[in-house]
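A.B. asks: Handing you this structure, nothing more for now.
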Amino acid sequence: MASSPSLRVVLAVIAGVVPETVLLATLVRAGAVSAWLVVAVAAAGLAVACAVVASLGTAWRQRAERINAVAAALEARRPPTHVVPEDRDAMTRAERRLLDAADAVTDENKSLGDQRDEFEAILRSMTEAVVVTRSQGEVVLLNGAARRMFALDPETDYRGRHFVELCRDPRLQDFVARSTNSAGGQVMSEELTIQIPAQLYLGASTAPVRTTQDAARVLVFHDITQLKSYETVRSDFISNLTHELRTPLSALYGYAETLMQGVEDLETQRRFLNIIARQARRLARLLDDLISLSDLERGISPLNLENLDAAHVVGEAVELMLEQARREGIHLEGQCPADLPKILGDHDRLHQVMVNLLDNAIKYTPRDGHVRASAQMMTGNGGSANAAVSLVVADTGEGIPERDIARLTERFYRVDRARSREMGGTGLGLAIVKHIVQLHHGTLKIESRLGVGTTVTVSIPAAT
Ligand code: ADP
């Protein structure tokens, strides 16, 4: 059977013409019609048939071109051009439907493309590392955060590689292997500490994803290192605080109980009461410092900034501490040049800084030592724009070991815990100083040499 439509039309014409030709030939032989008439009719019929076939052929060719154009547009993922004749025949209707279907496909394709772009943008901007694997653990997708977290090359195409081969840390490999083998594709979530490529605390979770082709898994890793360090700081703080509170409280309790049981000797009574008063004052100081620190950290009391005379701040603090210095046998002096520029600061907070620093200098300097408070002009490399005034407290005290200097501003950090307690310290003074200085956009520098003395310099930007 011929399959080409044109050939079928030609055969149909021949099949239509042959019976008439045979009939006319029979009539010619019987002498009923003239042979010339038969030839003329047959030629005319053939000419009409040829014209019909030619016109049909042209129409088919044009239709084929239009359908090819639709196919080409679909291949190029763009909407096809709508050129269809006005005819109402079945083929034209079918062509129109084809064009509508092609439009729907390209629309769908575009919206899928948009969704994919959005999805990729979301994955790119995520701070969590996301890895999608097939059921056997072969990588389908890795986002940028995952590449950074596991030190993978940003450009390499890792698709098809097993994820366990890409992560070198045994604990991570174990987690990935367990998630791949987990029966029924259950959701798993746990915290891991990995060492390779760096020490990180990770919140890891994995869940199955059903796709039409394969059961896949999505693994999400969240870097919780910072969070863990905050937790450690918080729990250290609570344990330090508990310790700080327990010591004076047990002293208060113990001496009060002894007194209640009755102490005959008046001198002993007075000594116990003195201890009770001292411990109560220590508790009050600790609470004051805690409130101060917590207010500063939470930004509860904002700075009350004004143009201040640094020499005045130094002078006031020195005056306040003179009596304490005298009691401890320390020579305390203040020294400030007259022409210092004003600083932009909160008077009460900077006073608190100077008193804390002087208190430390007096506490940790042996009898007959010297403590000097001063204010000095400082000019940075950028000239007057970086101008600052330094408030300096220098002592000739016991000094601080070099290894401890960097940690002095941590809450409750002391070089010698027992000695600080004995001196009535709370271990919070320098933490408070650091916070206040930071709020002023200033800097804090501690320099010390064992047995020689300590110099603490607080630089506060000059008022413009
Ligand atoms: P404290 O209440 O214990 O004085 P701080 O936070 O003020 O707490 O100081 C922390 C620690 O720094 C002190 O315990 C002390 O060991 C050390 N320190 C601070 N200032 C001086 C100083 N001028 N000389 C020697 N040691 C100092």
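Residues are referred to by chain and number: the chain letter is A, B, ... according to the order shown in the structure tokens, the number counts from 1 in that chain, and ligands are numbered separately from 1 in the order shown.
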Within 8 Å of ligand 1, which residues show up when you count only C-alpha atoms and all ligand atoms? List them as a PyMOL selection string, please.
C.D. replies: chain A and resi 356-365+394-395+397-400+405+408-417+419-421+423-432+448+453-456
A.B. asks: Using only N, CA and C atoms, please write the residues we just selected to a file, as a short mmCIF file (atom, residue, chain, number, x, y, z; two decimals), in the first residue's frame.
C.D. replies:
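And here's part35.cif as it stands now:
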data_model
loop_
_atom_site.label_atom_id
_atom_site.label_comp_id
_atom_site.auth_asym_id
_atom_site.auth_seq_id
_atom_site.Cartn_x
_atom_site.Cartn_y
_atom_site.Cartn_z
N ASN A 356 37.05 52.15 88.35
CA ASN A 356 37.40 50.71 88.28
C ASN A 356 38.90 50.53 88.09
N LEU A 357 39.47 51.31 87.15
CA LEU A 357 40.90 51.15 86.86
C LEU A 357 41.75 51.58 88.06
N LEU A 358 41.36 52.68 88.70
CA LEU A 358 42.13 53.14 89.87
C LEU A 358 42.00 52.15 91.03
N ASP A 359 40.80 51.61 91.19
CA ASP A 359 40.55 50.63 92.25
C ASP A 359 41.47 49.42 92.05
N ASN A 360 41.56 48.93 90.81
CA ASN A 360 42.46 47.79 90.53
C ASN A 360 43.90 48.16 90.81
N ALA A 361 44.31 49.35 90.31
CA ALA A 361 45.72 49.76 90.47
C ALA A 361 46.07 49.83 91.96
N ILE A 362 45.16 50.39 92.76
CA ILE A 362 45.43 50.50 94.20
C ILE A 362 45.45 49.11 94.86
N LYS A 363 44.48 48.25 94.42
CA LYS A 363 44.37 46.91 95.02
C LYS A 363 45.61 46.06 94.74
N TYR A 364 46.12 46.16 93.50
CA TYR A 364 47.19 45.25 93.12
C TYR A 364 48.58 45.90 93.15
N THR A 365 48.69 47.00 93.90
CA THR A 365 50.01 47.63 94.07
C THR A 365 50.37 47.56 95.56
N ALA A 394 48.43 54.17 85.43
CA ALA A 394 49.67 53.38 85.49
C ALA A 394 50.04 53.15 86.94
N ASP A 395 50.47 51.91 87.22
CA ASP A 395 50.86 51.63 88.61
C ASP A 395 52.21 50.96 88.66
N GLY A 397 52.73 48.29 90.46
CA GLY A 397 52.29 47.13 91.23
C GLY A 397 52.92 45.81 90.81
N GLU A 398 52.21 44.73 91.17
CA GLU A 398 52.76 43.38 90.97
C GLU A 398 52.82 42.95 89.51
N GLY A 399 52.03 43.60 88.64
CA GLY A 399 52.04 43.24 87.22
C GLY A 399 51.19 42.01 86.93
N ILE A 400 51.03 41.73 85.65
CA ILE A 400 50.15 40.62 85.22
C ILE A 400 50.94 39.73 84.26
N ILE A 405 46.89 38.45 80.00
CA ILE A 405 46.43 39.80 79.63
C ILE A 405 45.22 39.76 78.68
N LEU A 408 41.76 39.14 80.47
CA LEU A 408 41.36 39.90 81.65
C LEU A 408 39.97 40.51 81.55
N THR A 409 39.51 40.77 80.30
CA THR A 409 38.20 41.43 80.17
C THR A 409 37.06 40.41 80.11
N GLU A 410 37.40 39.10 80.23
CA GLU A 410 36.32 38.10 80.30
C GLU A 410 35.66 38.19 81.68
N ARG A 411 34.35 37.88 81.69
CA ARG A 411 33.66 37.98 82.97
C ARG A 411 34.21 36.94 83.96
N PHE A 412 34.50 37.38 85.16
CA PHE A 412 35.01 36.57 86.27
C PHE A 412 36.44 36.04 86.07
N TYR A 413 37.14 36.54 85.04
CA TYR A 413 38.51 36.07 84.87
C TYR A 413 39.43 36.82 85.82
N ARG A 414 40.20 36.07 86.57
CA ARG A 414 41.18 36.70 87.46
C ARG A 414 42.49 35.96 87.32
N VAL A 415 43.58 36.70 87.58
CA VAL A 415 44.89 36.05 87.54
C VAL A 415 45.00 35.14 88.77
N ASP A 416 44.63 35.71 89.90
CA ASP A 416 44.69 34.94 91.14
C ASP A 416 43.33 35.09 91.83
N ARG A 417 42.53 34.04 91.67
CA ARG A 417 41.14 34.10 92.16
C ARG A 417 41.06 34.43 93.66
N ARG A 419 43.25 35.76 95.62
CA ARG A 419 43.75 37.11 95.97
C ARG A 419 42.71 38.17 95.61
N SER A 420 42.06 38.01 94.45
CA SER A 420 41.04 38.98 94.03
C SER A 420 39.91 39.01 95.05
N ARG A 421 39.50 37.81 95.52
CA ARG A 421 38.41 37.74 96.51
C ARG A 421 38.81 38.44 97.80
N MET A 423 40.81 40.76 98.13
CA MET A 423 40.82 42.22 97.95
C MET A 423 39.42 42.77 97.71
N GLY A 424 38.41 41.90 97.76
CA GLY A 424 37.03 42.35 97.58
C GLY A 424 36.65 42.52 96.12
N GLY A 425 37.43 41.90 95.21
CA GLY A 425 37.13 42.02 93.77
C GLY A 425 35.96 41.14 93.35
N THR A 426 35.28 41.55 92.29
CA THR A 426 34.16 40.75 91.79
C THR A 426 34.56 40.00 90.52
N GLY A 427 35.67 40.39 89.90
CA GLY A 427 36.07 39.75 88.64
C GLY A 427 35.29 40.29 87.46
N LEU A 428 34.53 41.37 87.68
CA LEU A 428 33.71 41.91 86.58
C LEU A 428 34.17 43.30 86.15
N GLY A 429 35.09 43.90 86.94
CA GLY A 429 35.48 45.29 86.71
C GLY A 429 35.96 45.56 85.29
N LEU A 430 36.91 44.75 84.79
CA LEU A 430 37.47 45.02 83.46
C LEU A 430 36.47 44.67 82.35
N ALA A 431 35.57 43.70 82.62
CA ALA A 431 34.52 43.39 81.62
C ALA A 431 33.62 44.61 81.45
N ILE A 432 33.30 45.27 82.56
CA ILE A 432 32.47 46.48 82.51
C ILE A 432 33.22 47.60 81.76
N SER A 448 51.60 45.27 80.70
CA SER A 448 52.05 44.95 82.06
C SER A 448 53.36 44.17 82.05
N GLY A 453 54.91 46.67 86.94
CA GLY A 453 53.67 47.46 87.02
C GLY A 453 52.79 47.29 85.79
N THR A 454 51.65 47.94 85.86
CA THR A 454 50.65 47.80 84.81
C THR A 454 50.21 49.18 84.34
N THR A 455 49.99 49.30 83.01
CA THR A 455 49.45 50.55 82.47
C THR A 455 48.22 50.23 81.64
N VAL A 456 47.10 50.82 81.99
CA VAL A 456 45.87 50.60 81.22
C VAL A 456 45.53 51.92 80.51
#
A.B. asks: Neighbouring residues of Asn181 in chain A were defined as those with any atom within 12 Å, considering only C-alpha atoms; residues of the same chain fewer than 6 positions away were excluded. Please report them as a list in words.
C.D. replies: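 Contacts, with the query itself left out: Arg134, Ser135, Gln136, Gly137, Asp174, Phe175, Val187, Met188, Thr206, Pro208, Ala216 and Arg217 of chain A.
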A.B. asks: How would the residues just chosen look if you wrote them out with C-alpha atoms as a tab-separated table (two decimals), in the first residue's frame?
C.D. replies:
chain	number	residue	atom	x	y	z
A	134	ARG	CA	19.94	9.58	45.06
A	135	SER	CA	18.90	6.50	47.03
A	136	GLN	CA	22.43	5.07	46.90
A	137	GLY	CA	24.07	8.32	47.98
A	174	ASP	CA	28.87	7.70	59.36
A	175	PHE	CA	25.86	10.04	59.47
A	187	VAL	CA	13.73	11.57	58.97
A	188	MET	CA	16.95	11.78	61.00
A	206	THR	CA	18.08	14.32	56.54
A	208	PRO	CA	13.52	11.36	52.08
A	216	ALA	CA	16.24	10.66	46.88
A	217	ARG	CA	17.37	12.18	50.20
A.B. asks: Find the residues near Val314 in chain A: any atom within 8 Å, counting only C-alpha atoms, skip ones fewer than 5 places away on the same chain, and give them as a list in words.
C.D. replies: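 That gives Gly334, His351, Met354, Ala373, Ser374, Ala375 and Leu391 of chain A.
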A.B. asks: Taking only C-alpha atoms into account, produce a table as a tab-separated table in which each residue of range 273-326 of chain A with an atom at most 12 Å from an atom of range 244-258 of chain A appears once, together with its shortest atom pair and the distance in Å to one decimal, ordered by chain and rising number.
C.D. replies:
residue	atom	partner	partner_atom	distance
A:Leu273	CA	A:Tyr255	CA	7.8
A:Asn274	CA	A:Tyr255	CA	10.0
A:Ile275	CA	A:Leu252	CA	7.9
A:Ile276	CA	A:Leu252	CA	5.4
A:Ala277	CA	A:Leu252	CA	8.5
A:Arg278	CA	A:Pro248	CA	8.9
A:Gln279	CA	A:Pro248	CA	5.2
A:Ala280	CA	A:Pro248	CA	7.3
A:Arg281	CA	A:Pro248	CA	9.5
A:Arg282	CA	A:Pro248	CA	7.4
A:Leu283	CA	A:Pro248	CA	6.8
A:Ala284	CA	A:Pro248	CA	10.5
A:Arg285	CA	A:Leu245	CA	11.3
A:Leu286	CA	A:Glu244	CA	8.3
A:Leu287	CA	A:Leu245	CA	9.5
A:Leu290	CA	A:Glu244	CA	11.4
A.B. asks: What's around range 83-85 of chain A at 9 Å? Count only C-alpha atoms, leave out sequence neighbours fewer than 4 positions away in its own chain, and write the answer as a ChimeraX atom specification.
C.D. replies: /A:63,66,92,95-96
A.B. asks: As a PyMOL selection string, which residues of range 283-448 of chain A does DSSP assign to strand (DSSP E)?
C.D. replies: chain A and resi 305-308+331-335+343-346+370-380+383-395+443-448
A.B. asks: Write to file, as an mmCIF file, in the first residue's frame, the residues of the selection just made, with C-alpha atoms.
C.D. replies:
data_model
loop_
_atom_site.group_PDB
_atom_site.id
_atom_site.type_symbol
_atom_site.label_atom_id
_atom_site.label_comp_id
_atom_site.auth_asym_id
_atom_site.auth_seq_id
_atom_site.Cartn_x
_atom_site.Cartn_y
_atom_site.Cartn_z
ATOM 1 C CA LEU A 305 26.818 61.699 75.308
ATOM 2 C CA GLU A 306 28.163 65.194 75.840
ATOM 3 C CA ASN A 307 31.377 67.127 75.242
ATOM 4 C CA LEU A 308 33.525 66.315 78.247
ATOM 5 C CA HIS A 331 50.874 57.476 96.389
ATOM 6 C CA LEU A 332 48.103 58.468 94.015
ATOM 7 C CA GLU A 333 48.415 61.458 91.691
ATOM 8 C CA GLY A 334 46.582 62.878 88.682
ATOM 9 C CA GLN A 335 48.338 64.633 85.817
ATOM 10 C CA ILE A 343 35.901 64.105 74.275
ATOM 11 C CA LEU A 344 32.460 62.881 73.324
ATOM 12 C CA GLY A 345 31.410 60.702 76.228
ATOM 13 C CA ASP A 346 28.984 59.757 78.955
ATOM 14 C CA HIS A 370 52.714 54.685 92.979
ATOM 15 C CA VAL A 371 49.564 55.049 90.930
ATOM 16 C CA ARG A 372 49.293 57.798 88.340
ATOM 17 C CA ALA A 373 46.179 58.785 86.417
ATOM 18 C CA SER A 374 46.565 61.031 83.401
ATOM 19 C CA ALA A 375 44.904 62.189 80.202
ATOM 20 C CA GLN A 376 46.875 62.588 76.966
ATOM 21 C CA MET A 377 46.214 63.715 73.438
ATOM 22 C CA MET A 378 46.506 61.015 70.767
ATOM 23 C CA THR A 379 46.493 61.606 67.023
ATOM 24 C CA GLY A 380 45.983 58.689 64.651
ATOM 25 C CA GLY A 383 45.141 63.403 61.435
ATOM 26 C CA SER A 384 42.445 65.271 63.307
ATOM 27 C CA ALA A 385 39.702 62.951 62.020
ATOM 28 C CA ASN A 386 41.165 60.160 64.177
ATOM 29 C CA ALA A 387 42.029 62.333 67.145
ATOM 30 C CA ALA A 388 41.377 60.780 70.512
ATOM 31 C CA VAL A 389 42.165 61.436 74.123
ATOM 32 C CA SER A 390 43.698 58.681 76.225
ATOM 33 C CA LEU A 391 42.818 58.165 79.844
ATOM 34 C CA VAL A 392 45.774 56.335 81.380
ATOM 35 C CA VAL A 393 46.140 54.589 84.746
ATOM 36 C CA ALA A 394 49.671 53.378 85.489
ATOM 37 C CA ASP A 395 50.863 51.631 88.611
ATOM 38 C CA THR A 443 39.927 51.244 72.526
ATOM 39 C CA LEU A 444 41.322 49.548 75.624
ATOM 40 C CA LYS A 445 44.974 48.552 75.936
ATOM 41 C CA ILE A 446 46.534 46.720 78.901
ATOM 42 C CA GLU A 447 50.315 46.588 79.139
ATOM 43 C CA SER A 448 52.046 44.952 82.063
#
A.B. asks: I'd like to know which residues of range 391-452 of chain A are alpha helix (DSSP H) (by DSSP, run on the backbone); could you write them as a PyMOL selection string?
C.D. replies: chain A and resi 402-405+417-422+429-439
A.B. asks: Determine, counting only C-alpha atoms, which protein, DNA and RNA residues have an atom within 12 Å of an atom of Ala54 in chain A; residues of the same chain fewer than 5 positions away are not included. Present the result as a list in words.
C.D. replies: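 My reading of the contact set: Ser6, Leu7, Val9, Val10, Ala47, Val48, Ala49, Ala59, Trp60 and Arg61 of chain A.
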